[in-house]
Amino acid sequence: MSPELVYALAGVGLCGIGVSGFLLLSHLLRRLLAFNLIGSGTFLVLVGLAQHRGVPDPVPQALVLTGIVVAIAATALAVVLIRRYFHLTGRTSLAEDGDGRS
Amino acid sequence: MWRGLQVLLTLAACASLTGVLAAAVLSAAGSPPPSKLAEQLAASLGRSGVENPVTAVLLNFRSYDTLLEIGVLVIAAMAGISLARTRSLEDPELRSADTLLHALLRWFIPLMLLLAAYLLWAGGDRPGGAFQAGAVLAATGVLMRLGGLPMDFVRPGLLLRLGLVLGFAVFLLVAIAGAMAGEAFLAYPPGTAGGLILAIEVVLTLSIGMILLALFVAAPVINEHEPEEGTGS
């Protein structure tokens with residue numbers, strides 16, 4: 001098993017952790033972090049799987065670079081939205097949970 | 001009790017999902033590569049105008065992705081700025097009078113600007129490029145903001161708007177001009193690819209740095225003196 005394949009499998013693990021965190025946590029910032037974990041895991045799978053034969057493949061690398069930049073901007077927008085939401089409601093989780101548990 | 005069972009079930013489902021994904025990755029790793037993209041890229045790299053294959057993919061062969069990406073960034077920045085409650089995006093209360101910090105920033109900021117310029121230039125033939133340079137540029141702005149240096153250019157106004165859309169506008173202009181000159185949309189006229197890519201990368205760097213910085217400073221500062229909206233006070 002090449003090191004790049006280990007990266008891809010680590011990315012799979014990150015995806016699993018992210019999905020479970022996204023489902024289990026209710027604090028919005030933690031959910032955002034979990035969502036970012038899923039994204040990072042996907043990037044690791046893409047890059048690791050594409051070069052596990054030892055030759056780096058520029059096409060997935062470029063796609064992942066695009067993805068990282070979009071993910072950063074989306075995360076920043078989400079943080080702005082979460083802060084605005086907290087400003088308006090005083091809660092840190094969405095309304096269904098009711099108790100605002102943090 | 002019910003909550004614990006729920007957590008256990010969710011964890012089991014996620015673990016099995018991870019297992020399925022890992023099996024898929026392993027089987028994909030064992031099978032032969034489905035396409036010859038890397039070989040095609042290496043064969044046509046000479047026509048792309050740059051020597052770094054990642055930059056060639058980003059700004060020549062798949063520049064559609066990059067154009068849409070900078071569009072997404074512009075939309076995100078506009079949404080973020082429109083949510084900011086402060087009229088001035090630069091908060092005078094955050095300015096610090098720490099002389100040591102200011103002295104340090106005076107060293108750091110030129111160095112970081114230099115690093116951004118180097119990364120931008122290096123994108124032509126080695127790892128680097130507009131996004132990395134833009135990220136360093138934004139980090140410089142964040143450092144200036146945290147260190148409390150005045151940043152008049154992030155005030156919502158003509159200059160900020162111009163900076164936000166500059167990259168997208170120039171990119172689109174080049175794409176449309178190429179199309180009107182008889183090439184395909186987003187195809188560069190032969191012989192001009194290198195220069196056009198460099199020009200696009202320069203404006204992209206400026207815009208990306210500006211967008212990330214605008215999103216950073218747009219997060220509304222919680223003002224203790226003001227009652228929060230919606231809490232009924």
# chains A, B, ... in the order shown; residues from 1 in each chain; ligands from 1

call {"tool": "residues_around", "arguments": {"residues": "B:Ser31", "least_positions_apart": "3", "cutoff": "12 Å", "atoms": "only C-alpha atoms", "output": "list in words"}}
result
Leu49, Ala50, His52 and Arg53 of chain A; Ala24, Val25, Leu26, Ser27, Ala28, Pro34 and Ser35 of chain B

call {"tool": "interface_residues", "arguments": {"of": "chain B", "to": "chain A", "cutoff": "7 Å", "atoms": "only C-alpha atoms", "output": "count of residues only"}}
result
30

call {"tool": "residues_around", "arguments": {"residues": "A:Leu25", "least_positions_apart": "4", "cutoff": "10 Å", "atoms": "only C-alpha atoms", "output": "tab-separated table (two decimals) with N, CA and C atoms, in the first residue's frame"}}
result
chain	number	residue	atom	x	y	z
A	20	SER	N	-20.65	11.96	10.92
A	20	SER	CA	-21.23	11.70	12.25
A	20	SER	C	-21.31	12.99	13.05
A	21	GLY	N	-20.29	13.85	12.95
A	21	GLY	CA	-20.36	15.11	13.68
A	21	GLY	C	-21.49	15.98	13.18
A	29	LEU	N	-21.59	26.22	14.86
A	29	LEU	CA	-20.17	26.29	14.50
A	29	LEU	C	-19.57	24.90	14.41
A	30	ARG	N	-19.98	24.01	15.33
A	30	ARG	CA	-19.46	22.64	15.26
A	30	ARG	C	-19.94	21.95	14.00
A	31	ARG	N	-21.20	22.22	13.64
A	31	ARG	CA	-21.70	21.62	12.40
A	31	ARG	C	-20.89	22.12	11.20
A	32	LEU	N	-20.55	23.41	11.24
A	32	LEU	CA	-19.75	23.96	10.14
A	32	LEU	C	-18.39	23.28	10.09
A	34	ALA	N	-17.70	20.28	11.16
A	34	ALA	CA	-17.90	18.92	10.68
A	34	ALA	C	-18.06	18.90	9.17
A	93	SER	N	-28.00	27.21	17.99
A	93	SER	CA	-28.39	26.04	17.21
A	93	SER	C	-29.70	26.35	16.53
A	101	ARG	N	-28.74	24.27	23.08
A	101	ARG	CA	-27.63	23.59	23.76
A	101	ARG	C	-26.31	23.87	23.03
A	102	SER	N	-25.27	24.12	23.78
A	102	SER	CA	-24.01	24.42	23.12
A	102	SER	C	-22.93	23.43	23.52

call {"tool": "atom_distance", "arguments": {"atom1": "atom CA of B:Asn52", "atom2": "atom CA of B:Ala179"}}
result
25.1 Å

call {"tool": "select_by_dssp", "arguments": {"residues": "chain A", "states": "helix (DSSP H, G or I)", "output": "ChimeraX atom specification"}}
result
/A:3-24,28-50,58-89,95-97

call {"tool": "write_last_selection", "arguments": {"atoms": "C-alpha atoms", "output": "short mmCIF file (atom, residue, chain, number, x, y, z; two decimals), in the first residue's frame"}}
result
data_model
loop_
_atom_site.label_atom_id
_atom_site.label_comp_id
_atom_site.auth_asym_id
_atom_site.auth_seq_id
_atom_site.Cartn_x
_atom_site.Cartn_y
_atom_site.Cartn_z
CA PRO A 3 1.56 6.36 1.18
CA GLU A 4 -0.84 8.13 -1.16
CA LEU A 5 -3.38 5.38 -0.64
CA VAL A 6 -3.03 5.94 3.09
CA TYR A 7 -3.89 9.60 2.47
CA ALA A 8 -7.00 8.56 0.54
CA LEU A 9 -8.07 6.21 3.32
CA ALA A 10 -7.43 8.94 5.91
CA GLY A 11 -9.69 11.14 3.80
CA VAL A 12 -12.37 8.45 3.98
CA GLY A 13 -11.97 8.40 7.75
CA LEU A 14 -12.30 12.19 7.89
CA CYS A 15 -15.49 11.95 5.84
CA GLY A 16 -16.93 9.46 8.31
CA ILE A 17 -16.02 11.63 11.31
CA GLY A 18 -17.46 14.67 9.56
CA VAL A 19 -20.76 12.97 8.70
CA SER A 20 -21.23 11.70 12.25
CA GLY A 21 -20.36 15.11 13.68
CA PHE A 22 -22.74 16.79 11.28
CA LEU A 23 -25.55 14.46 12.38
CA LEU A 24 -24.84 14.43 16.11
CA LEU A 28 -23.91 25.61 14.39
CA LEU A 29 -20.17 26.29 14.50
CA ARG A 30 -19.46 22.64 15.26
CA ARG A 31 -21.70 21.62 12.40
CA LEU A 32 -19.75 23.96 10.14
CA LEU A 33 -16.50 22.39 11.31
CA ALA A 34 -17.90 18.92 10.68
CA PHE A 35 -18.99 19.95 7.22
CA ASN A 36 -15.51 21.26 6.52
CA LEU A 37 -14.10 17.92 7.69
CA ILE A 38 -16.22 16.17 5.05
CA GLY A 39 -14.86 18.58 2.46
CA SER A 40 -11.25 18.09 3.52
CA GLY A 41 -11.72 14.33 3.46
CA THR A 42 -13.06 14.55 -0.08
CA PHE A 43 -10.05 16.59 -1.16
CA LEU A 44 -7.69 14.05 0.41
CA VAL A 45 -9.45 11.18 -1.35
CA LEU A 46 -9.29 13.00 -4.70
CA VAL A 47 -5.61 13.89 -4.50
CA GLY A 48 -4.44 10.71 -2.78
CA LEU A 49 -6.33 8.34 -5.05
CA ALA A 50 -5.22 10.16 -8.20
CA PRO A 58 -2.40 17.74 -12.14
CA VAL A 59 -6.08 17.62 -13.08
CA PRO A 60 -7.46 16.51 -9.68
CA GLN A 61 -4.94 18.82 -8.00
CA ALA A 62 -6.32 21.80 -9.90
CA LEU A 63 -9.89 20.74 -9.12
CA VAL A 64 -9.03 20.40 -5.44
CA LEU A 65 -7.34 23.82 -5.44
CA THR A 66 -10.52 25.33 -6.87
CA GLY A 67 -12.54 23.41 -4.30
CA ILE A 68 -10.41 24.62 -1.39
CA VAL A 69 -10.86 28.26 -2.35
CA VAL A 70 -14.62 27.87 -2.76
CA ALA A 71 -14.77 26.00 0.56
CA ILE A 72 -12.92 28.81 2.34
CA ALA A 73 -15.28 31.43 0.92
CA ALA A 74 -18.35 29.34 1.77
CA THR A 75 -17.07 28.78 5.30
CA ALA A 76 -16.46 32.48 5.78
CA LEU A 77 -19.95 33.27 4.50
CA ALA A 78 -21.38 30.63 6.83
CA VAL A 79 -19.57 32.17 9.81
CA VAL A 80 -20.97 35.59 8.91
CA LEU A 81 -24.46 34.08 8.64
CA ILE A 82 -24.09 32.22 11.95
CA ARG A 83 -22.98 35.37 13.72
CA ARG A 84 -25.89 37.25 12.24
CA TYR A 85 -28.26 34.48 13.35
CA PHE A 86 -26.81 34.61 16.85
CA HIS A 87 -27.24 38.36 16.82
CA LEU A 88 -30.90 38.11 15.86
CA THR A 89 -32.01 35.17 18.00
CA ALA A 95 -34.84 26.13 16.07
CA GLU A 96 -35.96 22.47 16.11
CA ASP A 97 -33.62 21.64 18.96
#

call {"tool": "closest_residue", "arguments": {"among": "B:Pro190, B:Gly209, B:Gly4, B:Gly163", "to": "B:Ala116", "atoms": "only C-alpha atoms"}}
result
B:Gly209

call {"tool": "residues_around", "arguments": {"residues": "B:Ser207", "least_positions_apart": "2", "cutoff": "12 Å", "atoms": "only C-alpha atoms", "output": "PyMOL selection string"}}
result
chain B and resi 69-71+73-74+77+130-131+133-135+137-138+159-171+200-205+209-214

call {"tool": "write_last_selection", "arguments": {"atoms": "C-alpha atoms", "output": "PDB file, in the first residue's frame"}}
result
ATOM      1  CA  GLU B  69     -15.131  29.889  -8.971  1.00  0.00           C
ATOM      2  CA  ILE B  70     -14.231  33.559  -8.867  1.00  0.00           C
ATOM      3  CA  GLY B  71     -17.909  34.263  -9.606  1.00  0.00           C
ATOM      4  CA  LEU B  73     -16.353  34.100  -4.478  1.00  0.00           C
ATOM      5  CA  VAL B  74     -17.715  37.462  -5.595  1.00  0.00           C
ATOM      6  CA  ALA B  77     -18.308  38.387  -0.590  1.00  0.00           C
ATOM      7  CA  ALA B 130      -3.162  33.245  -8.022  1.00  0.00           C
ATOM      8  CA  PHE B 131      -4.944  31.404  -5.221  1.00  0.00           C
ATOM      9  CA  ALA B 133      -0.858  34.518  -3.586  1.00  0.00           C
ATOM     10  CA  GLY B 134      -4.389  35.742  -2.919  1.00  0.00           C
ATOM     11  CA  ALA B 135      -4.510  33.777   0.327  1.00  0.00           C
ATOM     12  CA  LEU B 137      -2.555  38.764   0.495  1.00  0.00           C
ATOM     13  CA  ALA B 138      -5.715  38.162   2.519  1.00  0.00           C
ATOM     14  CA  LEU B 159     -12.756  51.052  -4.263  1.00  0.00           C
ATOM     15  CA  LEU B 160     -13.908  47.920  -2.433  1.00  0.00           C
ATOM     16  CA  ARG B 161     -16.499  47.072  -5.092  1.00  0.00           C
ATOM     17  CA  LEU B 162     -13.971  47.610  -7.822  1.00  0.00           C
ATOM     18  CA  GLY B 163     -11.478  45.350  -6.045  1.00  0.00           C
ATOM     19  CA  LEU B 164     -14.079  42.636  -5.533  1.00  0.00           C
ATOM     20  CA  VAL B 165     -15.219  42.396  -9.136  1.00  0.00           C
ATOM     21  CA  LEU B 166     -11.926  43.245 -10.856  1.00  0.00           C
ATOM     22  CA  GLY B 167     -10.738  39.642 -11.240  1.00  0.00           C
ATOM     23  CA  PHE B 168     -14.085  38.321 -12.432  1.00  0.00           C
ATOM     24  CA  ALA B 169     -14.606  41.249 -14.804  1.00  0.00           C
ATOM     25  CA  VAL B 170     -11.176  41.009 -16.430  1.00  0.00           C
ATOM     26  CA  PHE B 171     -11.453  37.232 -16.743  1.00  0.00           C
ATOM     27  CA  ILE B 200      -5.587  37.323 -15.330  1.00  0.00           C
ATOM     28  CA  GLU B 201      -3.597  35.882 -12.454  1.00  0.00           C
ATOM     29  CA  VAL B 202      -2.554  39.345 -11.245  1.00  0.00           C
ATOM     30  CA  VAL B 203      -6.129  40.647 -11.103  1.00  0.00           C
ATOM     31  CA  LEU B 204      -7.366  37.335  -9.688  1.00  0.00           C
ATOM     32  CA  THR B 205      -4.827  37.602  -6.870  1.00  0.00           C
ATOM     33  CA  GLY B 209      -7.253  38.691  -1.419  1.00  0.00           C
ATOM     34  CA  MET B 210      -9.861  41.438  -1.279  1.00  0.00           C
ATOM     35  CA  ILE B 211     -12.781  38.972  -1.169  1.00  0.00           C
ATOM     36  CA  LEU B 212     -11.334  36.853   1.632  1.00  0.00           C
ATOM     37  CA  LEU B 213     -10.411  39.965   3.606  1.00  0.00           C
ATOM     38  CA  ALA B 214     -13.866  41.468   3.068  1.00  0.00           C
TER      39      ALA B 214
END

call {"tool": "atom_distance", "arguments": {"atom1": "atom CA of B:Leu206", "atom2": "atom CA of B:Trp121"}}
result
13.6 Å

call {"tool": "residues_around", "arguments": {"residues": "B:Leu114", "least_positions_apart": "4", "cutoff": "10 Å", "atoms": "only C-alpha atoms", "output": "PyMOL selection string"}}
result
chain B and resi 108-110+118-120+133+136-137

call {"tool": "atom_distance", "arguments": {"atom1": "atom CA of B:Ile176", "atom2": "atom CA of B:Val50"}}
result
21.3 Å
